[in-house]
Amino acid sequence: MASLKVACMVVMCMAVVGAPMMVQGITCNEVTTYMSPCLSYLTNGGEVSDACCGGVRTILGAAGTTSEKQTVCNCLKEDANNFGINDDYAQALPTRCGVSVPYKISRSTNCENIRF
């Protein structure tokens with residue numbers, strides 16, 4: 001009987017430890033942090049670093065839901081205004097990193113219209 005109790009405890013512990021954690025959506029602070037290696041390119045042009053493209057890929061991977069994609073869009077628009085981002089460089093960044101963003105990268109994009 002004691003071994004059955006131990007086995008049940010082990011199973012319960014495994015279920016708790018192995019349960020997926022509640023993942024909170026991506027935040028603007030995270031978007032800004034992941035995009036920070038891109039700031040030089042986004043303001044001055046030139047070469048796009050591997051770190052920049054890694055941040056772009058991380059953001060795209062983290063934004064799985066429509067709501068998260070809208071959040072990222074709004075955060076990027078906010079960052080564009082705060083950091084004086086060149087719109088042409090911003091629009092070219094996904095291509096330069098070899099990724100696809102299914103909406104126009106622009107300050108005029110209505111992020112609420114993004115649906116996936």
# chains A, B, ... in the order shown; residues from 1 in each chain; ligands from 1
>>> residues_around(residues="Thr27 in chain A", least_positions_apart="4", cutoff="9 Å", atoms="only C-alpha atoms", output="MDAnalysis selection string")
chainID A and resid 31:32 68 71:72 75
>>> closest_residue(among="A:Tyr34, A:Asn110, A:Ile26, A:Val56", to="Leu93 in chain A", atoms="only C-alpha atoms")
A:Val56
>>> atom_distance(atom1="CA of Gly46 in chain A", atom2="CA of Cys111 in chain A")
27.7 Å
>>> closest_residue(among="A:Arg96, A:Thr33, A:Thr65, A:Thr109", to="Asp50 in chain A", atoms="only C-alpha atoms")
A:Arg96
>>> decode(residues="range 62-77 of chain A", atoms="all heavy atoms", output="CSV table (one decimal), in the first residue's frame")
chain,number,residue,atom,x,y,z
A,62,ALA,N,7.3,34.5,-31.1
A,62,ALA,CA,6.5,34.7,-29.9
A,62,ALA,C,5.1,35.2,-30.1
A,62,ALA,O,4.3,35.1,-29.2
A,62,ALA,CB,7.3,35.7,-29.0
A,63,ALA,N,4.9,35.8,-31.2
A,63,ALA,CA,3.5,36.3,-31.5
A,63,ALA,C,2.7,35.3,-32.3
A,63,ALA,O,2.7,35.3,-33.5
A,63,ALA,CB,3.7,37.6,-32.3
A,64,GLY,N,2.1,34.4,-31.6
A,64,GLY,CA,1.3,33.3,-32.2
A,64,GLY,C,-0.1,33.6,-32.4
A,64,GLY,O,-0.7,33.1,-33.4
A,65,THR,N,-0.7,34.5,-31.6
A,65,THR,CA,-2.1,34.7,-31.7
A,65,THR,C,-2.4,36.1,-32.4
A,65,THR,O,-1.4,36.9,-32.6
A,65,THR,CB,-2.8,34.8,-30.4
A,65,THR,OG1,-2.3,36.0,-29.7
A,65,THR,CG2,-2.6,33.6,-29.5
A,66,THR,N,-3.6,36.3,-32.9
A,66,THR,CA,-3.9,37.6,-33.5
A,66,THR,C,-3.6,38.7,-32.6
A,66,THR,O,-3.0,39.7,-32.9
A,66,THR,CB,-5.4,37.6,-34.0
A,66,THR,OG1,-5.5,36.6,-35.0
A,66,THR,CG2,-5.8,38.9,-34.5
A,67,SER,N,-4.0,38.5,-31.3
A,67,SER,CA,-3.8,39.6,-30.3
A,67,SER,C,-2.4,39.9,-30.1
A,67,SER,O,-2.0,41.1,-30.0
A,67,SER,CB,-4.5,39.1,-29.0
A,67,SER,OG,-4.2,40.1,-28.0
A,68,GLU,N,-1.5,38.9,-30.1
A,68,GLU,CA,-0.1,39.1,-29.9
A,68,GLU,C,0.5,39.8,-31.1
A,68,GLU,O,1.4,40.6,-31.0
A,68,GLU,CB,0.6,37.7,-29.6
A,68,GLU,CG,0.3,37.2,-28.3
A,68,GLU,CD,0.7,35.7,-28.1
A,68,GLU,OE1,0.9,35.0,-29.1
A,68,GLU,OE2,0.7,35.3,-26.9
A,69,LYS,N,0.1,39.4,-32.3
A,69,LYS,CA,0.6,40.0,-33.5
A,69,LYS,C,0.2,41.5,-33.6
A,69,LYS,O,0.9,42.4,-34.0
A,69,LYS,CB,0.0,39.3,-34.8
A,69,LYS,CG,0.7,37.9,-35.0
A,69,LYS,CD,0.1,37.2,-36.2
A,69,LYS,CE,0.5,35.8,-36.4
A,69,LYS,NZ,1.5,35.2,-35.7
A,70,GLN,N,-1.0,41.8,-33.1
A,70,GLN,CA,-1.5,43.2,-33.0
A,70,GLN,C,-0.7,44.0,-32.0
A,70,GLN,O,-0.3,45.1,-32.2
A,70,GLN,CB,-3.0,43.3,-32.7
A,70,GLN,CG,-3.9,42.8,-33.8
A,70,GLN,CD,-5.3,42.6,-33.4
A,70,GLN,OE1,-5.6,42.6,-32.2
A,70,GLN,NE2,-6.2,42.6,-34.3
A,71,THR,N,-0.3,43.3,-30.9
A,71,THR,CA,0.5,44.0,-29.9
A,71,THR,C,1.9,44.3,-30.4
A,71,THR,O,2.4,45.4,-30.3
A,71,THR,CB,0.6,43.1,-28.6
A,71,THR,OG1,-0.7,42.9,-28.0
A,71,THR,CG2,1.6,43.6,-27.6
A,72,VAL,N,2.5,43.3,-31.1
A,72,VAL,CA,3.8,43.5,-31.7
A,72,VAL,C,3.7,44.7,-32.7
A,72,VAL,O,4.6,45.6,-32.7
A,72,VAL,CB,4.3,42.3,-32.4
A,72,VAL,CG1,5.5,42.5,-33.3
A,72,VAL,CG2,4.7,41.2,-31.3
A,73,CYS,N,2.7,44.7,-33.5
A,73,CYS,CA,2.5,45.8,-34.5
A,73,CYS,C,2.5,47.1,-33.8
A,73,CYS,O,3.2,48.1,-34.2
A,73,CYS,CB,1.3,45.5,-35.3
A,73,CYS,SG,0.8,46.8,-36.5
A,74,ASN,N,1.7,47.2,-32.8
A,74,ASN,CA,1.6,48.5,-32.1
A,74,ASN,C,2.9,48.9,-31.4
A,74,ASN,O,3.2,50.1,-31.4
A,74,ASN,CB,0.4,48.5,-31.1
A,74,ASN,CG,-0.9,48.6,-31.7
A,74,ASN,OD1,-1.2,49.5,-32.5
A,74,ASN,ND2,-1.9,47.7,-31.4
A,75,CYS,N,3.6,47.9,-30.8
A,75,CYS,CA,4.8,48.2,-30.2
A,75,CYS,C,5.9,48.7,-31.2
A,75,CYS,O,6.6,49.6,-30.9
A,75,CYS,CB,5.4,46.9,-29.5
A,75,CYS,SG,4.4,46.3,-28.1
A,76,LEU,N,5.9,48.1,-32.4
A,76,LEU,CA,6.8,48.5,-33.4
A,76,LEU,C,6.5,49.9,-33.9
A,76,LEU,O,7.5,50.7,-34.1
A,76,LEU,CB,6.8,47.5,-34.6
A,76,LEU,CG,7.4,46.1,-34.3
A,76,LEU,CD1,7.1,45.2,-35.5
A,76,LEU,CD2,8.9,46.2,-33.9
A,77,LYS,N,5.3,50.3,-34.0
A,77,LYS,CA,4.9,51.6,-34.4
A,77,LYS,C,5.3,52.6,-33.3
A,77,LYS,O,5.9,53.7,-33.6
A,77,LYS,CB,3.4,51.7,-34.6
A,77,LYS,CG,2.9,51.1,-35.9
A,77,LYS,CD,1.4,51.0,-36.0
A,77,LYS,CE,0.8,52.4,-36.0
A,77,LYS,NZ,-0.7,52.3,-36.4
